Structure formats: C-alpha cells, structure tokens
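Undergrad: Provided herewith is a single structure, encoded as structure tokens, for subsequent inquiry.
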Amino acid sequence: LTLICDVLESLLHPRAIVERNDVPLRSLEGLEQRKGILRGSLSPVTVTEHGLKYAVELLEGQKTGQFLDQRENRKAIRRYAKEGRVLDCFCNDGGFALNAASGGASEVTGIDTSEPAIRRASNNAVLNGLAGKAKFHAADGFEYLEGAIQRKEKFDLIILDPPSFAKSKKTVVKAKRGYRELHTSAYRLLTEGGILATASCSHHIYEDTFLEIIQESARAAGRTISLLEWRGASPDHPVLPGMTETRYLKFGILSVI
C-alpha cells in the first residue's frame, strides 16, 4: 500500500489519498474493513458532472462518494423531464432529481431512507440554484409509492434506482418479488404517456430477467409500455464478454402508451 501511495503521489500529486476498503464483501473474504486518509489532508470536495455541482463526502458517502457508473444515464433523464412532475425514488445525493430539474421539470421530489443522503441532496440543490424546484424527503421508497397511490398522485416521470436487491444468488427470488412490487406501484402512479426510468445494479439479476419483471409489472398494473432506451454503465466501466458480472447495471427508459 505504501508503494501504491508513493506512485500515486509522484504521478498525480493529489491533495489527499483516501482509502475506502469498507465494503461488506471484504468480510466475506475474511479481510479487514478499513477507511481513512492515507496521505495528505482532506478538504471539502466538489465535483462537476454535466454542468451540475455535487458536494462529495469521500469518507462518509456511499462507496467512493459518487456513483460514476450512472453518469450518462443521469444526463439522459433531462430529455424526458421537461415541464413534468418528477419522482426520484432512492435518490441518494439527488443526481437524477437534479438532472430532471435542470432538464426543465416543473416539480421534482426525491426520496431516500438515508437522512445523510437527503441532506446531501438538499445541499446539492442549493449549490445548483435548484432548491425551489427540487425537494427531498427521508422516506422508505416502497412506503412512499404506496402512500402516493392512496393519495391518488400522478407523475410524468418516475426514476427507480434502488440499491442492489440481490447481493447473492440465494436472494434472487426475494429480489424479484421486490422489483415487481416496486415497478407495479410506479406504473400505477404514471400519467398516460408518462416515463419510467428504472435501474438494477445487481449482476445476479440478468438483463432478460429484469426485462421480464418490467413487463410483468406493467401487466399487473394494467399498463401497456414501450421501451424507449436500454442502457448500461458509463463507458469508463468496461464490459468483458466473458464476465457477466461486468454487465451488472441495467437501465431502461420506458413510456406508458
């Protein structure tokens, strides 16, 4: 590790080198979970993505603080948001919600169970001058969708980007039930001609399985759908044909017709 830090410092001259070896997978392999500052000092970090600014918490944010695999998908949302009422479930730091607001949405609501994530999202809205249009609330995504159905709410665009429901093959059956429930509720909340943008980040849920869930859920909700776009991770996340787990991110954009 010392050698790696020496090389990074000689090549990149960073202000700080941060270690984030705190993923649960390390425990399964019998490895210690660690995080901290290895070199230098860590000052507040702000990154710019497609013209939007994000305050990133490298030590306390999820994973490395910013989900770069969804970078191009976040930008793609803009073209479906104009003048629409938007719901971003599992919004984390507000990436999709802020892109929807930037794309001309009339009203954006972001939901996440994590209060720290909601604070980051709200701060990012202020940072980008979008606080008047994008509002964020701490709530369970499933419960919020069900409550919105009871309140007879409608949205023109709903974004579903949940955490992985299937972290192992043992949990695939339960994960599929969760995805069906989530999508069925979302379809019931969409207006005619509304748009659903939905993601699965589990490599245990294959593309054909995810598409099947998307279609079954639409049928259960009594909606007919059209697939507008089928996307994956950003180009800097290469896919190796012989390793299905590298094609882990599925991202579909669908229209209710």
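We label chains A, B, ... in the order they appear in the structure tokens, count residues from 1 in each chain, and number ligands from 1 in the order shown.
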Do you know which residues are at most 12 Å from Cys89 of chain A counting only C-alpha atoms, after dropping those on the same chain fewer than 3 positions away, and could you put them as a PyMOL selection string?
TA: chain A and resi 86+92-97+108-114+118+136-145+157-163+182-183+185-186+196-199
Undergrad: If you run DSSP on this backbone, which residues of segment 118-229 of chain A come out as strand (DSSP E or B), and could you give them as a PDB file with N, CA and C atoms, in the first residue's frame?
TA:
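out.pdb was written with the following content:
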ATOM      1  N   ALA A 134     -36.530  21.387  -6.715  1.00  0.00           N
ATOM      2  CA  ALA A 134     -36.273  20.015  -6.264  1.00  0.00           C
ATOM      3  C   ALA A 134     -36.319  19.944  -4.741  1.00  0.00           C
ATOM      4  N   LYS A 135     -37.215  19.101  -4.220  1.00  0.00           N
ATOM      5  CA  LYS A 135     -37.375  18.916  -2.780  1.00  0.00           C
ATOM      6  C   LYS A 135     -37.067  17.467  -2.421  1.00  0.00           C
ATOM      7  N   PHE A 136     -36.453  17.257  -1.261  1.00  0.00           N
ATOM      8  CA  PHE A 136     -36.019  15.923  -0.867  1.00  0.00           C
ATOM      9  C   PHE A 136     -36.554  15.566   0.516  1.00  0.00           C
ATOM     10  N   HIS A 137     -36.960  14.293   0.667  1.00  0.00           N
ATOM     11  CA  HIS A 137     -37.568  13.831   1.907  1.00  0.00           C
ATOM     12  C   HIS A 137     -37.032  12.455   2.282  1.00  0.00           C
ATOM     13  N   ALA A 138     -36.810  12.244   3.567  1.00  0.00           N
ATOM     14  CA  ALA A 138     -36.386  10.934   4.059  1.00  0.00           C
ATOM     15  C   ALA A 138     -37.616  10.044   4.199  1.00  0.00           C
ATOM     16  N   PHE A 155     -47.499  11.208 -11.612  1.00  0.00           N
ATOM     17  CA  PHE A 155     -46.208  11.767 -12.013  1.00  0.00           C
ATOM     18  C   PHE A 155     -45.998  11.537 -13.504  1.00  0.00           C
ATOM     19  N   ASP A 156     -45.282  12.461 -14.122  1.00  0.00           N
ATOM     20  CA  ASP A 156     -44.968  12.333 -15.545  1.00  0.00           C
ATOM     21  C   ASP A 156     -43.688  11.537 -15.776  1.00  0.00           C
ATOM     22  N   LEU A 157     -42.830  11.513 -14.767  1.00  0.00           N
ATOM     23  CA  LEU A 157     -41.568  10.777 -14.846  1.00  0.00           C
ATOM     24  C   LEU A 157     -41.236  10.224 -13.470  1.00  0.00           C
ATOM     25  N   ILE A 158     -40.987   8.921 -13.409  1.00  0.00           N
ATOM     26  CA  ILE A 158     -40.564   8.278 -12.163  1.00  0.00           C
ATOM     27  C   ILE A 158     -39.235   7.584 -12.415  1.00  0.00           C
ATOM     28  N   ILE A 159     -38.302   7.794 -11.503  1.00  0.00           N
ATOM     29  CA  ILE A 159     -36.978   7.176 -11.596  1.00  0.00           C
ATOM     30  C   ILE A 159     -36.815   6.200 -10.440  1.00  0.00           C
ATOM     31  N   LEU A 160     -36.490   4.954 -10.766  1.00  0.00           N
ATOM     32  CA  LEU A 160     -36.244   3.919  -9.759  1.00  0.00           C
ATOM     33  C   LEU A 160     -34.785   3.488  -9.861  1.00  0.00           C
ATOM     34  N   LEU A 190     -47.998   6.622 -12.826  1.00  0.00           N
ATOM     35  CA  LEU A 190     -47.629   7.365 -14.025  1.00  0.00           C
ATOM     36  C   LEU A 190     -48.850   7.863 -14.801  1.00  0.00           C
ATOM     37  N   THR A 191     -48.718   9.041 -15.356  1.00  0.00           N
ATOM     38  CA  THR A 191     -49.751   9.584 -16.232  1.00  0.00           C
ATOM     39  C   THR A 191     -49.743   8.837 -17.563  1.00  0.00           C
ATOM     40  N   GLU A 192     -50.785   9.016 -18.368  1.00  0.00           N
ATOM     41  CA  GLU A 192     -50.763   8.489 -19.731  1.00  0.00           C
ATOM     42  C   GLU A 192     -49.622   9.160 -20.493  1.00  0.00           C
ATOM     43  N   GLY A 193     -48.797   8.357 -21.131  1.00  0.00           N
ATOM     44  CA  GLY A 193     -47.627   8.903 -21.805  1.00  0.00           C
ATOM     45  C   GLY A 193     -46.461   9.168 -20.874  1.00  0.00           C
ATOM     46  N   GLY A 194     -46.634   8.801 -19.598  1.00  0.00           N
ATOM     47  CA  GLY A 194     -45.577   9.011 -18.610  1.00  0.00           C
ATOM     48  C   GLY A 194     -44.363   8.129 -18.863  1.00  0.00           C
ATOM     49  N   ILE A 195     -43.265   8.489 -18.233  1.00  0.00           N
ATOM     50  CA  ILE A 195     -41.985   7.821 -18.447  1.00  0.00           C
ATOM     51  C   ILE A 195     -41.506   7.162 -17.154  1.00  0.00           C
ATOM     52  N   LEU A 196     -41.058   5.911 -17.283  1.00  0.00           N
ATOM     53  CA  LEU A 196     -40.411   5.214 -16.174  1.00  0.00           C
ATOM     54  C   LEU A 196     -38.956   4.971 -16.543  1.00  0.00           C
ATOM     55  N   ALA A 197     -38.047   5.450 -15.701  1.00  0.00           N
ATOM     56  CA  ALA A 197     -36.617   5.150 -15.843  1.00  0.00           C
ATOM     57  C   ALA A 197     -36.248   4.242 -14.682  1.00  0.00           C
ATOM     58  N   THR A 198     -35.757   3.054 -14.986  1.00  0.00           N
ATOM     59  CA  THR A 198     -35.552   2.063 -13.941  1.00  0.00           C
ATOM     60  C   THR A 198     -34.208   1.372 -14.073  1.00  0.00           C
ATOM     61  N   ALA A 199     -33.589   1.103 -12.919  1.00  0.00           N
ATOM     62  CA  ALA A 199     -32.249   0.520 -12.909  1.00  0.00           C
ATOM     63  C   ALA A 199     -32.173  -0.675 -11.970  1.00  0.00           C
ATOM     64  N   SER A 200     -31.324  -1.613 -12.329  1.00  0.00           N
ATOM     65  CA  SER A 200     -30.938  -2.709 -11.437  1.00  0.00           C
ATOM     66  C   SER A 200     -29.421  -2.800 -11.473  1.00  0.00           C
ATOM     67  N   ILE A 225     -46.654  -0.731 -22.180  1.00  0.00           N
ATOM     68  CA  ILE A 225     -45.422   0.047 -22.192  1.00  0.00           C
ATOM     69  C   ILE A 225     -44.656  -0.125 -23.500  1.00  0.00           C
ATOM     70  N   SER A 226     -43.817   0.859 -23.770  1.00  0.00           N
ATOM     71  CA  SER A 226     -42.923   0.821 -24.926  1.00  0.00           C
ATOM     72  C   SER A 226     -41.511   1.118 -24.434  1.00  0.00           C
ATOM     73  N   LEU A 227     -40.547   0.302 -24.847  1.00  0.00           N
ATOM     74  CA  LEU A 227     -39.158   0.508 -24.445  1.00  0.00           C
ATOM     75  C   LEU A 227     -38.520   1.572 -25.335  1.00  0.00           C
ATOM     76  N   LEU A 228     -38.126   2.680 -24.736  1.00  0.00           N
ATOM     77  CA  LEU A 228     -37.523   3.783 -25.478  1.00  0.00           C
ATOM     78  C   LEU A 228     -36.006   3.658 -25.561  1.00  0.00           C
ATOM     79  N   GLU A 229     -35.388   3.297 -24.441  1.00  0.00           N
ATOM     80  CA  GLU A 229     -33.930   3.161 -24.396  1.00  0.00           C
ATOM     81  C   GLU A 229     -33.552   2.021 -23.455  1.00  0.00           C
TER      82      GLU A 229
END
Undergrad: Compare A:Arg20, A:Lys63, A:Arg26, A:Lys169 by their minimum atom-to-atom distance to Leu38 of chain A, counting only C-alpha atoms, and give me the closest one.
TA: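 Among A:Arg20, A:Lys63, A:Arg26, A:Lys169, it is A:Arg20 that comes nearest to Leu38 of chain A.
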Undergrad: Leaving out Lys167 of chain A and any residue of its chain fewer than 2 positions from it, which residues lie within 10 Å of it when counting only C-alpha atoms, given as a PDB file with C-alpha atoms, in the first residue's frame?
TA:
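The resulting result-v3.pdb:
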ATOM      1  CA  LEU A  25     -17.623  -8.200   0.517  1.00  0.00           C
ATOM      2  CA  PRO A 163     -29.699  -0.410  -4.043  1.00  0.00           C
ATOM      3  CA  SER A 164     -28.959  -3.994  -5.021  1.00  0.00           C
ATOM      4  CA  PHE A 165     -31.833  -6.291  -4.045  1.00  0.00           C
ATOM      5  CA  LYS A 169     -27.844 -15.996  -5.738  1.00  0.00           C
ATOM      6  CA  LYS A 170     -29.712 -17.006  -2.564  1.00  0.00           C
ATOM      7  CA  THR A 171     -31.618 -13.721  -2.544  1.00  0.00           C
ATOM      8  CA  VAL A 172     -32.670 -13.631  -6.222  1.00  0.00           C
ATOM      9  CA  ALA A 175     -35.270  -9.651  -5.035  1.00  0.00           C
ATOM     10  CA  CYS A 201     -27.336  -2.808 -10.227  1.00  0.00           C
ATOM     11  CA  SER A 202     -27.235  -6.500  -9.271  1.00  0.00           C
ATOM     12  CA  HIS A 203     -25.357  -8.815 -11.641  1.00  0.00           C
ATOM     13  CA  HIS A 204     -27.426 -11.701 -10.220  1.00  0.00           C
ATOM     14  CA  ILE A 205     -30.471 -10.199 -11.968  1.00  0.00           C
TER      15      ILE A 205
END
Undergrad: Can you tell me which residues surround Trp230 of chain A at a distance of at most 7 Å, considering only C-alpha atoms, apart from same-chain residues fewer than 6 positions away, and format the answer as a list of chain:residue names?
TA: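 Here the answer would be A:Phe251, A:Gly252, A:Ile253.
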Undergrad: So which residues of segment 212-251 of chain A fall under alpha helix (DSSP H) by DSSP, listed as a tab-separated table (two decimals) with C-alpha atoms, in the first residue's frame?
TA:
chain	number	residue	atom	x	y	z
A	212	GLU	CA	-39.35	-9.79	-17.83
A	213	ILE	CA	-40.00	-8.18	-14.45
A	214	ILE	CA	-40.56	-4.80	-16.11
A	215	GLN	CA	-43.13	-6.32	-18.49
A	216	GLU	CA	-44.88	-8.48	-15.85
A	217	SER	CA	-45.24	-5.48	-13.55
A	218	ALA	CA	-46.77	-3.37	-16.31
A	219	ARG	CA	-49.29	-6.13	-16.99
A	220	ALA	CA	-50.13	-6.38	-13.27
Undergrad: Excluding Glu60 of chain A and any residue of its chain fewer than 3 positions from it, enumerate the residues within 12 Å of it, using only C-alpha atoms, and give them as a PyMOL selection string.
TA: chain A and resi 18-20+22+35-36+55-57+63-66+116-117+120
Undergrad: Determine the nearest neighbour of Arg119 of chain A from the options A:Gly61, A:Ala16, A:Leu211, A:Gly84, counting only C-alpha atoms.
TA: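 Of A:Gly61, A:Ala16, A:Leu211, A:Gly84, the one nearest Arg119 of chain A, counting only C-alpha atoms, is A:Gly61.
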Undergrad: For a test of reading the model, state the distance in Å between atom CA of Arg34 of chain A and atom CA of His13 of chain A, rounded to one decimal.
TA: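 Distance reported for this atom pair: 23.0 Å.
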